[in-house]
Every structure is written in C-alpha cells, then in structure tokens.
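data.txt follows (compact mmCIF, C-alpha atoms and all ligand atoms):
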# COMPACT_ATOMS: atom_id res chain seq x y z
CA MET L 16 71.58 -110.63 120.04
CA ALA L 17 72.85 -109.23 116.74
CA ASN L 18 76.35 -110.13 115.72
CA ASN L 19 78.49 -107.02 116.05
CA VAL L 20 81.84 -108.50 115.11
CA ARG L 21 83.00 -108.39 111.53
CA PRO L 22 84.13 -111.89 110.52
CA ALA L 23 87.84 -112.03 109.69
CA ASP L 24 87.10 -113.50 106.26
CA MET L 25 84.41 -110.95 105.28
CA LYS L 26 85.29 -109.50 101.86
CA ARG L 27 85.70 -105.76 101.48
CA ILE L 28 82.65 -104.62 99.46
CA ASN L 29 84.23 -102.63 96.65
CA THR L 30 82.55 -103.76 93.43
CA PRO L 31 78.94 -103.54 92.19
CA GLU L 32 78.78 -107.36 92.23
CA LEU L 33 79.83 -107.62 95.87
CA ALA L 34 77.41 -104.81 96.74
CA GLU L 35 74.58 -106.63 94.97
CA ALA L 36 75.38 -109.85 96.87
CA PHE L 37 75.38 -107.94 100.16
CA ILE L 38 72.06 -106.31 99.29
CA ASN L 39 70.42 -109.65 98.46
CA GLU L 40 71.69 -111.18 101.68
CA GLN L 41 70.47 -108.24 103.78
CA VAL L 42 67.08 -108.11 102.06
CA ALA L 43 66.53 -111.76 103.03
CA GLU L 44 67.75 -111.12 106.58
CA ILE L 45 65.59 -108.02 107.06
CA ARG L 46 62.50 -109.83 105.77
CA ALA L 47 63.17 -112.73 108.14
CA GLN L 48 63.66 -110.37 111.11
CA VAL L 49 60.75 -108.02 110.45
CA GLY L 50 58.07 -110.21 108.82
CA ASN L 51 55.03 -108.04 108.12
CA LYS L 52 55.72 -105.58 110.96
CA LYS L 53 56.60 -101.90 110.64
CA VAL L 54 60.03 -100.29 111.01
CA LEU L 55 60.76 -96.67 111.93
CA LEU L 56 63.81 -94.72 110.72
CA ALA L 57 65.07 -91.20 111.38
CA LEU L 58 66.20 -90.22 107.88
CA SER L 59 68.56 -87.26 107.99
CA GLY L 60 69.62 -87.53 104.36
CA GLY L 61 73.21 -88.33 105.40
CA VAL L 62 74.99 -91.25 103.73
CA ASP L 63 74.31 -93.89 106.39
CA SER L 64 70.63 -93.25 107.05
CA SER L 65 69.97 -92.85 103.31
CA VAL L 66 71.58 -96.19 102.48
CA VAL L 67 69.68 -97.91 105.30
CA ALA L 68 66.44 -96.38 104.03
CA ALA L 69 67.06 -97.55 100.45
CA LEU L 70 67.97 -101.04 101.66
CA LEU L 71 64.84 -101.32 103.80
CA ILE L 72 62.66 -99.98 101.00
CA ARG L 73 64.08 -102.72 98.76
CA ALA L 74 63.30 -105.31 101.46
CA ILE L 75 59.95 -104.24 102.90
CA GLY L 76 58.70 -101.25 100.86
CA ARG L 77 56.11 -99.18 102.69
CA GLN L 78 56.42 -101.16 105.93
CA LEU L 79 59.32 -98.76 106.50
CA VAL L 80 58.23 -95.42 107.95
CA CYS L 81 60.87 -92.72 107.49
CA VAL L 82 60.77 -89.51 109.50
CA HIS L 83 62.77 -86.59 108.16
CA VAL L 84 63.09 -83.75 110.66
CA ASN L 85 64.11 -80.45 109.10
CA HIS L 86 65.65 -78.52 112.00
CA GLY L 87 66.08 -75.43 109.84
CA LEU L 88 69.86 -75.94 109.91
CA MET L 89 70.12 -78.05 106.76
CA ARG L 90 72.17 -76.95 103.78
CA LYS L 91 70.39 -75.47 100.78
CA GLY L 92 68.30 -78.06 98.93
CA GLU L 93 68.97 -80.93 101.35
CA SER L 94 65.49 -81.55 102.71
CA GLU L 95 64.08 -81.09 99.21
CA GLN L 96 66.44 -83.79 97.94
CA VAL L 97 65.34 -86.20 100.69
CA ILE L 98 61.70 -85.68 99.68
CA GLU L 99 62.43 -85.97 95.95
CA VAL L 100 64.55 -89.12 96.20
CA PHE L 101 62.65 -91.04 98.83
CA ARG L 102 59.03 -89.95 98.46
CA HIS L 103 58.91 -89.34 94.73
CA GLN L 104 61.51 -91.67 93.24
CA MET L 105 61.43 -94.56 95.72
CA ASP L 106 57.80 -94.28 96.82
CA ALA L 107 58.84 -94.34 100.48
CA ASN L 108 56.45 -93.89 103.36
CA LEU L 109 58.04 -90.58 104.40
CA ILE L 110 56.88 -88.20 107.10
CA TYR L 111 58.39 -84.75 106.62
CA VAL L 112 58.44 -82.49 109.65
CA ASP L 113 59.42 -78.85 109.17
CA ALA L 114 60.46 -77.93 112.71
CA THR L 115 62.48 -74.85 111.68
CA ASP L 116 60.61 -72.35 113.85
CA ARG L 117 60.73 -74.64 116.88
CA PHE L 118 64.51 -75.00 116.69
CA LEU L 119 65.27 -71.37 115.85
CA ASP L 120 62.98 -70.08 118.61
CA LEU L 121 64.71 -72.31 121.16
CA LEU L 122 68.14 -71.25 119.93
CA ALA L 123 67.40 -67.53 119.93
CA GLY L 124 69.96 -65.71 122.06
CA VAL L 125 71.99 -68.86 122.85
CA ASP L 126 75.64 -68.24 121.99
CA GLU L 127 77.55 -70.98 123.81
CA PRO L 128 78.56 -73.70 121.28
CA GLU L 129 78.05 -76.77 123.47
CA ARG L 130 74.72 -75.41 124.72
CA LYS L 131 73.63 -74.93 121.09
CA ARG L 132 74.62 -78.53 120.30
CA LYS L 133 72.68 -79.83 123.33
CA ILE L 134 69.56 -77.88 122.38
CA ILE L 135 69.66 -79.08 118.78
CA GLY L 136 70.32 -82.72 119.76
CA GLY L 137 67.72 -82.72 122.54
CA GLU L 138 65.03 -81.08 120.43
CA PHE L 139 65.72 -83.48 117.58
CA ILE L 140 64.97 -86.45 119.85
CA LYS L 141 61.84 -84.70 121.12
CA VAL L 142 60.44 -84.06 117.64
CA PHE L 143 61.25 -87.60 116.53
CA GLU L 144 59.67 -89.02 119.68
CA GLU L 145 56.49 -86.99 119.11
CA GLU L 146 56.20 -88.34 115.58
CA ALA L 147 56.87 -91.89 116.77
CA ARG L 148 54.09 -91.60 119.39
CA LYS L 149 51.57 -90.65 116.69
CA LEU L 150 52.28 -93.90 114.85
CA GLU L 151 50.70 -97.21 115.72
CA GLY L 152 52.08 -100.70 115.52
CA ILE L 153 55.78 -99.99 115.12
CA ASP L 154 57.98 -102.77 116.48
CA PHE L 155 61.37 -101.99 115.00
CA LEU L 156 63.77 -99.05 114.87
CA ALA L 157 66.28 -98.94 112.00
CA GLN L 158 69.59 -97.16 112.51
CA GLY L 159 72.49 -96.27 110.26
CA THR L 160 75.11 -97.58 112.70
CA ILE L 161 78.32 -98.44 110.82
CA TYR L 162 81.34 -100.47 111.91
CA PRO L 163 83.48 -97.50 113.08
CA ASP L 164 80.59 -96.52 115.41
CA ILE L 165 80.81 -99.98 116.99
CA LEU L 166 84.60 -99.92 117.18
CA GLU L 167 85.00 -96.35 118.37
CA SER L 168 81.97 -95.43 120.38
CA ASP L 169 80.22 -98.53 121.53
CA GLY L 170 77.56 -98.60 118.85
CA VAL L 171 76.56 -94.99 119.28
CA LYS L 172 76.96 -92.82 116.21
CA ALA L 173 79.96 -90.60 116.82
CA HIS L 174 79.29 -86.91 117.28
CA HIS L 175 75.54 -87.15 117.11
CA ASN L 176 75.08 -85.11 120.26
CA VAL L 177 71.75 -86.73 120.96
CA GLY L 178 70.61 -88.83 123.85
CA GLY L 179 68.45 -91.84 123.22
CA LEU L 180 64.74 -92.38 122.93
CA PRO L 181 62.85 -92.72 126.23
CA ASP L 182 62.85 -96.11 127.93
CA ASP L 183 59.20 -96.84 127.22
CA PHE L 184 60.05 -97.18 123.54
CA ASP L 185 60.71 -100.84 123.31
CA PHE L 186 61.91 -101.19 119.74
CA GLU L 187 63.99 -104.02 118.39
CA LEU L 188 66.91 -102.61 116.35
CA VAL L 189 67.49 -103.17 112.65
CA GLU L 190 71.05 -102.19 111.71
CA PRO L 191 71.82 -103.67 108.30
CA VAL L 192 75.09 -101.79 107.64
CA ARG L 193 76.57 -102.22 111.14
CA LEU L 194 79.47 -104.35 109.89
CA LEU L 195 80.42 -102.04 107.01
CA PHE L 196 83.05 -99.35 106.70
CA LYS L 197 82.11 -96.00 105.16
CA ASP L 198 83.49 -96.76 101.68
CA GLU L 199 81.47 -100.00 101.65
CA VAL L 200 78.30 -98.17 102.69
CA ARG L 201 78.88 -95.82 99.73
CA CYS L 202 79.43 -98.75 97.37
CA VAL L 203 76.12 -100.30 98.52
CA GLY L 204 74.40 -96.91 98.15
CA HIS L 205 75.48 -96.66 94.52
CA ALA L 206 74.26 -100.20 93.84
CA LEU L 207 70.88 -99.29 95.36
CA GLY L 208 70.56 -96.47 92.83
CA LEU L 209 70.89 -93.51 95.21
CA PRO L 210 72.15 -90.30 93.56
CA ALA L 211 75.93 -89.79 93.72
CA SER L 212 75.42 -86.39 95.37
CA MET L 213 73.83 -88.20 98.32
CA VAL L 214 76.17 -91.19 98.49
CA GLU L 215 79.42 -89.23 98.10
CA ARG L 216 78.43 -86.42 100.46
CA GLN L 217 81.09 -84.93 102.68
CA PRO L 218 80.59 -85.24 106.45
CA PHE L 219 78.04 -82.81 107.83
CA PRO L 220 77.73 -82.31 111.59
CA GLY L 221 74.50 -83.35 113.30
CA PRO L 222 73.88 -79.75 114.49
CA GLY L 223 74.23 -78.72 110.86
CA LEU L 224 74.62 -75.06 109.99
CA GLY L 225 73.92 -74.30 113.66
CA VAL L 226 77.63 -74.51 114.54
CA ARG L 227 78.66 -72.49 111.48
CA CYS L 228 76.36 -69.55 112.18
CA LEU L 229 78.58 -68.42 115.04
CA GLY L 230 77.26 -67.22 118.37
CA ALA L 231 73.54 -66.69 118.77
CA ILE L 232 71.87 -67.80 115.51
CA THR L 233 69.88 -65.18 113.66
CA ARG L 234 67.75 -65.82 110.60
CA ASP L 235 69.52 -63.22 108.43
CA ARG L 236 72.96 -64.68 109.09
CA LEU L 237 71.63 -68.22 108.70
CA ALA L 238 70.27 -67.26 105.27
CA ALA L 239 73.66 -65.72 104.33
CA LEU L 240 75.39 -68.89 105.52
CA ARG L 241 73.11 -71.19 103.50
CA GLU L 242 73.45 -69.15 100.30
CA SER L 243 77.22 -68.71 100.56
CA ASP L 244 77.67 -72.43 101.32
CA ALA L 245 75.63 -73.30 98.21
CA ILE L 246 77.82 -71.01 96.06
CA LEU L 247 80.99 -72.56 97.50
CA ARG L 248 79.70 -76.06 96.76
CA GLU L 249 78.71 -75.12 93.21
CA GLU L 250 82.07 -73.53 92.45
CA PHE L 251 84.14 -76.32 94.04
CA ALA L 252 82.15 -78.82 91.96
CA ALA L 253 82.68 -76.76 88.78
CA ALA L 254 86.43 -76.62 89.50
CA GLY L 255 86.61 -80.40 90.01
CA LEU L 256 87.39 -80.03 93.72
CA ALA L 257 84.22 -81.55 95.14
CA GLY L 258 85.51 -85.12 95.25
CA GLN L 259 89.04 -84.07 96.14
CA VAL L 260 88.76 -81.77 99.12
CA TRP L 261 87.56 -83.72 102.15
CA GLN L 262 85.29 -81.12 103.71
CA PHE L 263 84.46 -77.53 102.79
CA PHE L 264 81.88 -75.06 103.96
CA THR L 265 81.33 -71.44 104.88
CA VAL L 266 81.05 -69.84 108.30
CA VAL L 267 79.33 -66.58 109.23
CA PRO L 268 80.64 -64.92 112.41
CA ASP L 269 78.56 -62.76 114.71
CA PHE L 270 80.46 -59.52 114.14
CA ARG L 271 80.24 -57.09 111.26
CA SER L 272 82.79 -55.13 109.29
CA THR L 273 82.75 -51.97 107.26
CA GLY L 274 82.30 -51.98 103.51
CA VAL L 275 81.23 -49.68 100.67
CA ARG L 276 78.41 -50.59 98.34
CA ASP L 277 77.03 -48.30 95.59
CA GLY L 278 79.03 -45.41 97.00
CA LYS L 279 77.51 -45.83 100.45
CA ARG L 280 78.98 -47.12 103.67
CA ALA L 281 77.87 -50.63 104.57
CA PHE L 282 78.24 -52.46 107.86
CA ASP L 283 77.74 -56.11 106.98
CA TRP L 284 78.76 -59.70 107.79
CA PRO L 285 81.95 -61.45 106.67
CA VAL L 286 81.83 -64.97 105.20
CA ILE L 287 84.73 -67.30 106.00
CA ILE L 288 85.56 -70.17 103.65
CA ARG L 289 86.85 -73.30 105.39
CA ALA L 290 88.29 -76.20 103.36
CA VAL L 291 90.31 -79.10 104.76
CA ASN L 292 91.92 -82.38 103.80
CA THR L 293 92.24 -85.13 106.38
CA VAL L 294 92.16 -88.87 106.82
CA ASP L 295 90.46 -89.19 110.17
CA ALA L 296 89.46 -85.60 111.09
CA MET L 297 91.96 -85.66 113.99
CA THR L 298 94.48 -83.57 112.04
CA ALA L 299 93.82 -81.60 108.89
CA THR L 300 95.63 -79.54 106.28
CA VAL L 301 94.35 -76.68 104.17
CA PRO L 302 94.39 -77.22 100.39
CA GLU L 303 96.03 -74.62 98.15
CA VAL L 304 92.93 -73.78 96.18
CA ASP L 305 93.70 -71.97 92.93
CA TRP L 306 93.43 -68.21 93.19
CA PRO L 307 90.93 -67.83 90.28
CA VAL L 308 88.58 -70.30 92.00
CA LEU L 309 88.71 -68.34 95.27
CA LYS L 310 88.29 -65.09 93.36
CA LYS L 311 85.19 -66.33 91.55
CA ILE L 312 83.63 -67.59 94.79
CA THR L 313 84.35 -64.24 96.44
CA GLN L 314 82.81 -62.29 93.56
CA ARG L 315 79.71 -64.45 93.56
CA ILE L 316 79.17 -64.30 97.32
CA LEU L 317 79.57 -60.51 97.34
CA ALA L 318 77.19 -60.11 94.40
CA GLU L 319 74.57 -62.70 95.33
CA VAL L 320 74.35 -62.91 99.11
CA PRO L 321 72.58 -60.02 100.83
CA GLY L 322 74.21 -58.60 103.95
CA VAL L 323 77.76 -59.78 103.19
CA CYS L 324 80.61 -57.34 102.49
CA ARG L 325 83.78 -59.40 102.98
CA VAL L 326 85.06 -62.93 102.19
CA LEU L 327 87.99 -64.67 103.93
CA TYR L 328 89.83 -67.96 103.36
CA ASP L 329 90.83 -69.76 106.57
CA LEU L 330 94.49 -70.92 106.33
CA THR L 331 94.60 -72.66 109.71
CA PRO L 332 95.57 -76.34 109.92
CA LYS L 333 94.30 -78.66 112.66
CA PRO L 334 95.93 -78.46 115.13
CA VAL L 335 95.75 -75.66 116.15
CA GLY L 336 92.37 -74.77 114.69
CA THR L 337 89.58 -77.35 114.73
CA ILE L 338 87.80 -78.03 111.45
CA GLU L 339 84.58 -76.37 112.60
CA TRP L 340 84.72 -72.89 114.10
CA GLU L 341 82.73 -73.75 117.19
P1 LIG P 1 86.44 -80.59 114.58
O1 LIG P 1 85.77 -79.24 114.47
O2 LIG P 1 86.35 -81.17 115.96
O3 LIG P 1 85.63 -81.56 113.62
O4 LIG P 1 87.87 -80.55 114.07
C1 LIG P 1 86.01 -82.88 113.29
C2 LIG P 1 84.89 -83.47 112.41
O5 LIG P 1 83.72 -83.64 113.20
C3 LIG P 1 82.64 -82.89 112.66
N1 LIG P 1 81.90 -82.30 113.80
C4 LIG P 1 80.72 -82.74 114.22
N2 LIG P 1 79.91 -83.73 113.77
N3 LIG P 1 78.36 -83.20 115.47
C5 LIG P 1 78.73 -83.95 114.39
O6 LIG P 1 77.98 -84.84 113.98
C6 LIG P 1 79.10 -82.20 115.98
O7 LIG P 1 78.74 -81.54 116.96
C7 LIG P 1 80.35 -81.96 115.32
N4 LIG P 1 81.36 -81.07 115.54
C8 LIG P 1 82.30 -81.31 114.60
C9 LIG P 1 83.27 -81.84 111.77
O8 LIG P 1 82.37 -81.40 110.76
C10 LIG P 1 84.48 -82.57 111.25
O9 LIG P 1 84.16 -83.39 110.15

Any chance you could put this one into structure tokens?
Amino acid sequence: MANNVRPADMKRINTPELAEAFINEQVAEIRAQVGNKKVLLALSGGVDSSVVAALLIRAIGRQLVCVHVNHGLMRKGESEQVIEVFRHQMDANLIYVDATDRFLDLLAGVDEPERKRKIIGGEFIKVFEEEARKLEGIDFLAQGTIYPDILESDGVKAHHNVGGLPDDFDFELVEPVRLLFKDEVRCVGHALGLPASMVERQPFPGPGLGVRCLGAITRDRLAALRESDAILREEFAAAGLAGQVWQFFTVVPDFRSTGVRDGKRAFDWPVIIRAVNTVDAMTATVPEVDWPVLKKITQRILAEVPGVCRVLYDLTPKPVGTIEWE
C-alpha cells in the first residue's frame, strides 16, 4: 500500500536543488516499482499530468505510454503543445487521439450544464479505455494525483467529472507527486525542463471550453470562443497580467445581439471576458484591469473573430456569480 501521508518533517520543495533531490529519489522509486514493465498515463497537458509524464520519462523512457485525448474542447494550441513537448522534445511514447467529432456529435443539442459535463467525462473514459484495450502488456497506471486531492477528495482528482476505469482493468497505480502541493509540483516541473507556459498554467476545467460555450455547443461558437480566448491570453501576457490574475478566459453565450458591420446590420454573438483573483476558488474578486488593455482586447476580438459583434467584461464577484458561467 502506497504511503499517502505527508511526513511532518518533509521539506517544502521550493528550490531547484530540492526539486532535483526529489526527482532523483522518485526516479529510483519508480524504477524499483515498475522494473521493465509498461506504464500507461492519460496526459491532458495540465500541470499535474505533464509533470508526472516528464518524471516517468526521466525514470523509464519509452516504457511509459502516454495517451492524449483531444476532446475538441481544448484551448487554441494546447494539443499541439503536448505533441511538440512530449513527442518531439522528450521523445515520449505518445498516442494522440483526435476525438473531436465524437465529442461534438454526442454534445449536439445538449444544453444542460451538468449533462454536458457527464457526457464529456464519460466519453473521455470511454476513449481512454478503448486505447488502453489496444495496448498489450501494461501493468501500471500513472496518475497526477496531488496532496490536496488526497486531503480533500479521497485521492480522486477534484472536479474531474469522470468515473473510473472498468473493474477488469487491474492496474497498479504509480502516483509520484501524490505528497506534493501544487507549488511544489510546479517547482519539480521547472526542474524537469518543462516549458513555463505548461508549468505555470492557470486552472482549466476538465470539460474544457465545453462549459464556456454556453448551452448547446455549436462549432461556430466554439471556434469564436477558442479564438477570443487566445487573443485574451496573448493580450494579458503582453500587459504583464498573465502571472498575476489567477484565472481568465472568454465565454460565448447562446444568444445573439444586433450590430452594424460595413454599413450593414449584423446579428452576431457576444463574447464575455471573465477574469478573477482567488486563493482557493471558493470566493473570488474581479481585478480592475486597465481600460486600455480591455479596449485593445475588444478591438482585436471584434476585428479578428468572425461572428462576434459585442464584447463584455464580467464584473461579478464570487459569490454571487461562480467563476465559470455554467
Ligand atoms: P466555479 O465556477 O465553481 O469554479 O466558481 C471554481 C473552479 O473550478 C473550476 N471548475 C471546474 N474544473 N471541472 C473541472 O475540472 C469542472 O466541471 C469545473 N467547473 C468549474 C473553475 O474553472 C474554477 O477554477
């Protein structure tokens, strides 16, 4: 049974030296646990699964099989970055599954938020399971469980909205960062040479853009959401806000509003900008982003994103509004 209690005298990993020592210790432990067997990992590209992947690649190289499922609800460039970093830079054994059509077909016409979450979570497990069944000789399943998951939700990653793998999968778990807090996972990620844009990423919900494309997801609004979100991220980074604002993203509602473009009446989608600061996501405040920054983002979204004729900044703190819109 793996030890799931952080020893009272365990040092907080907050320097490259401590991270390096942790990495060396874990590499030895993983090699002892796994031997010459194969390990499977669902690699979303989020901080935790990325750090676990890099750690396992350091320990056992291509004995690690990573599966990256693109559910079509990733942010712009995210799946591409997973492929670039892990397949091309780290020579990982990476299976990339583009399941976009599968997810979007299932979600067509579904407008109830919790139902959308269930479909996305359930289908994710199904796709991952199908890939796992195609592979032979896998004995271990690696997971990016971190210490808050153990403390708060009994070892299950908070908010993942997914069930588990079927019972006939009899994998032994490999959870090398299970005793670490988020800042320590990031510190280890830097020491492993992962790009800062991956290690310092803001939280991104498991259902991805699916809960930000409000109501029943359509491909045109999803495209508008992805493009406007990319512009927001670029402009927040250029204004030095990327590391300062806790979470920021755009939302595209499922109603249209009137506009005028090139002297003609338009009837297009609004884009809502949501930015929040928080410590634990239970309460949140809205940062006073400088007017010129908001103005530039608005101008760019209106000029560059087809089908959008209005941009709004959400001023609502949590409570009463949640961080996400659905
Ligand atoms: P709310 O909207 O409840 O969000 O104020 C609090 C934090 O949780 C994230 N969030 C999710 N994460 N699956 C996730 O993995 C979800 O279904 C989900 N819903 C909300 C949200 O992005 C915020 O950081």

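With all atoms listed in the file as the atoms that count, the minimum distance from Asp183 in chain L to the choices L:Val66, L:Val97, L:Ala147, L:Leu71 is reached by L:Ala147.
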
Would you kindly return, as a ChimeraX atom specification, each protein, DNA or RNA residue with an atom no farther than 8 Å from any atom of Met105 in chain L, considering all atoms listed in the file and excluding same-chain residues fewer than 5 positions away?
/L:69,72,100

7 Å contact set for range 283-294 of chain L, all atoms listed in the file, chain neighbours under 6 positions out, as a VMD selection string:
chain L and resid 260 to 268 270 to 273 300 to 302 322 to 329

Go ahead and write the selection's residues with C-alpha atoms as a PDB file, in the frame of the given file.
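Generated output (again_31.pdb):
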ATOM      1  CA  VAL L 260      88.760 -81.770  99.120  1.00  0.00           C
ATOM      2  CA  TRP L 261      87.560 -83.720 102.150  1.00  0.00           C
ATOM      3  CA  GLN L 262      85.290 -81.120 103.710  1.00  0.00           C
ATOM      4  CA  PHE L 263      84.460 -77.530 102.790  1.00  0.00           C
ATOM      5  CA  PHE L 264      81.880 -75.060 103.960  1.00  0.00           C
ATOM      6  CA  THR L 265      81.330 -71.440 104.880  1.00  0.00           C
ATOM      7  CA  VAL L 266      81.050 -69.840 108.300  1.00  0.00           C
ATOM      8  CA  VAL L 267      79.330 -66.580 109.230  1.00  0.00           C
ATOM      9  CA  PRO L 268      80.640 -64.920 112.410  1.00  0.00           C
ATOM     10  CA  PHE L 270      80.460 -59.520 114.140  1.00  0.00           C
ATOM     11  CA  ARG L 271      80.240 -57.090 111.260  1.00  0.00           C
ATOM     12  CA  SER L 272      82.790 -55.130 109.290  1.00  0.00           C
ATOM     13  CA  THR L 273      82.750 -51.970 107.260  1.00  0.00           C
ATOM     14  CA  THR L 300      95.630 -79.540 106.280  1.00  0.00           C
ATOM     15  CA  VAL L 301      94.350 -76.680 104.170  1.00  0.00           C
ATOM     16  CA  PRO L 302      94.390 -77.220 100.390  1.00  0.00           C
ATOM     17  CA  GLY L 322      74.210 -58.600 103.950  1.00  0.00           C
ATOM     18  CA  VAL L 323      77.760 -59.780 103.190  1.00  0.00           C
ATOM     19  CA  CYS L 324      80.610 -57.340 102.490  1.00  0.00           C
ATOM     20  CA  ARG L 325      83.780 -59.400 102.980  1.00  0.00           C
ATOM     21  CA  VAL L 326      85.060 -62.930 102.190  1.00  0.00           C
ATOM     22  CA  LEU L 327      87.990 -64.670 103.930  1.00  0.00           C
ATOM     23  CA  TYR L 328      89.830 -67.960 103.360  1.00  0.00           C
ATOM     24  CA  ASP L 329      90.830 -69.760 106.570  1.00  0.00           C
TER      25      ASP L 329
END

Could I get the residues of chain L with an atom no further than 8 Å from an atom of ligand LIG 1 (chain P), each paired with its nearest atom pair and that distance in Å to one decimal, using all atoms listed in the file, sorted by chain and residue number, as a Markdown table?
| residue | atom | partner | partner_atom | distance |
| --- | --- | --- | --- | --- |
| L:Arg132 | CA | P:LIG1 | O7 | 6.1 |
| L:Ala173 | CA | P:LIG1 | O6 | 6.7 |
| L:His174 | CA | P:LIG1 | O6 | 4.1 |
| L:His175 | CA | P:LIG1 | O6 | 4.6 |
| L:Asn176 | CA | P:LIG1 | O7 | 6.1 |
| L:Pro218 | CA | P:LIG1 | O9 | 5.5 |
| L:Phe219 | CA | P:LIG1 | O8 | 5.4 |
| L:Pro220 | CA | P:LIG1 | N2 | 3.4 |
| L:Gly221 | CA | P:LIG1 | O6 | 3.8 |
| L:Pro222 | CA | P:LIG1 | O7 | 5.7 |
| L:Gly223 | CA | P:LIG1 | N3 | 7.6 |
| L:Val226 | CA | P:LIG1 | O7 | 7.5 |
| L:Gln262 | CA | P:LIG1 | O9 | 6.9 |
| L:Ala296 | CA | P:LIG1 | C1 | 4.9 |
| L:Met297 | CA | P:LIG1 | O4 | 6.5 |
| L:Thr298 | CA | P:LIG1 | O4 | 7.5 |
| L:Ala299 | CA | P:LIG1 | O4 | 8.0 |
| L:Lys333 | CA | P:LIG1 | O4 | 6.8 |
| L:Gly336 | CA | P:LIG1 | O4 | 7.4 |
| L:Thr337 | CA | P:LIG1 | O4 | 3.7 |
| L:Ile338 | CA | P:LIG1 | O4 | 3.6 |
| L:Glu339 | CA | P:LIG1 | O1 | 3.6 |
| L:Trp340 | CA | P:LIG1 | O1 | 6.4 |
| L:Glu341 | CA | P:LIG1 | O1 | 6.8 |

Could you take the residues named above and write them with C-alpha atoms, as a short mmCIF file (atom, residue, chain, number, x, y, z; two decimals), in the coordinates of the input?
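Listed below is the output, again.cif:
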data_model
loop_
_atom_site.label_atom_id
_atom_site.label_comp_id
_atom_site.auth_asym_id
_atom_site.auth_seq_id
_atom_site.Cartn_x
_atom_site.Cartn_y
_atom_site.Cartn_z
CA ARG L 132 74.62 -78.53 120.30
CA ALA L 173 79.96 -90.60 116.82
CA HIS L 174 79.29 -86.91 117.28
CA HIS L 175 75.54 -87.15 117.11
CA ASN L 176 75.08 -85.11 120.26
CA PRO L 218 80.59 -85.24 106.45
CA PHE L 219 78.04 -82.81 107.83
CA PRO L 220 77.73 -82.31 111.59
CA GLY L 221 74.50 -83.35 113.30
CA PRO L 222 73.88 -79.75 114.49
CA GLY L 223 74.23 -78.72 110.86
CA VAL L 226 77.63 -74.51 114.54
CA GLN L 262 85.29 -81.12 103.71
CA ALA L 296 89.46 -85.60 111.09
CA MET L 297 91.96 -85.66 113.99
CA THR L 298 94.48 -83.57 112.04
CA ALA L 299 93.82 -81.60 108.89
CA LYS L 333 94.30 -78.66 112.66
CA GLY L 336 92.37 -74.77 114.69
CA THR L 337 89.58 -77.35 114.73
CA ILE L 338 87.80 -78.03 111.45
CA GLU L 339 84.58 -76.37 112.60
CA TRP L 340 84.72 -72.89 114.10
CA GLU L 341 82.73 -73.75 117.19
#

Ala253 in chain L surroundings by only C-alpha atoms, 12 Å radius, close-in-sequence under 4 positions cut, as number ranges by chain:
L: 246-249, 257-258, 308, 311-312

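CA of Gly76 in chain L to CA of Leu55 in chain L spans 12.2 Å [interatomic distance, one decimal].
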
Can you tell me which residues surround Asp169 in chain L at a distance of at most 12 Å, considering all atoms listed in the file, apart from same-chain residues fewer than 4 positions away, and format the answer as a ChimeraX atom specification?
/L:19-20,160-165,173,193

Where's the centre, and what are the edge lengths in Å to one decimal, of a box along x, y and z enclosing all listed atoms of range 322-337 of chain L padded 5 Å per side, as lines of an AutoDock Vina configuration file?
center_x = 85.1
center_y = -68.0
center_z = 109.2
size_x = 31.7
size_y = 31.3
size_z = 24.0

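Of the residues listed (L:Thr331, L:Thr233, L:Leu194, L:Arg201), L:Leu194 shows the shortest atom-to-atom separation from Pro22 in chain L; distances use only C-alpha atoms.
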
Min atom-atom distance to Leu33 in chain L from the set L:Arg46, L:Phe251, L:Pro307, L:Val200, counting all atoms listed in the file, belongs to L:Val200

What is the distance between CA of Asp185 in chain L and CA of Asn39 in chain L, in Å to one decimal?
28.1 Å

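The gap separating CA of Ala157 in chain L from CA of Val189 in chain L is 4.4 Å, in Å to one decimal.
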
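Distances from L:Ile140, L:Pro191, L:Asp182, L:Leu256 to Ala74 in chain L were compared using all atoms listed in the file, and the smallest one belongs to L:Pro191.
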
Excluding same-chain residues fewer than 5 positions from Glu215 in chain L, what lies within 10 Å of it counting only C-alpha atoms, as a PyMOL selection string?
chain L and resi 61-62+198+201-202+204-205+209-210+257-258

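Closest approach to Phe186 in chain L among L:Ala239, L:Val203, L:Ile38, L:Val49 is made by L:Val49 (distances from all atoms listed in the file).
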
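When all atoms listed in the file are used to measure the gap to Leu122 in chain L, the shortest distance among L:Leu58, L:Gly159, L:Gly225, L:Leu240 belongs to L:Gly225.
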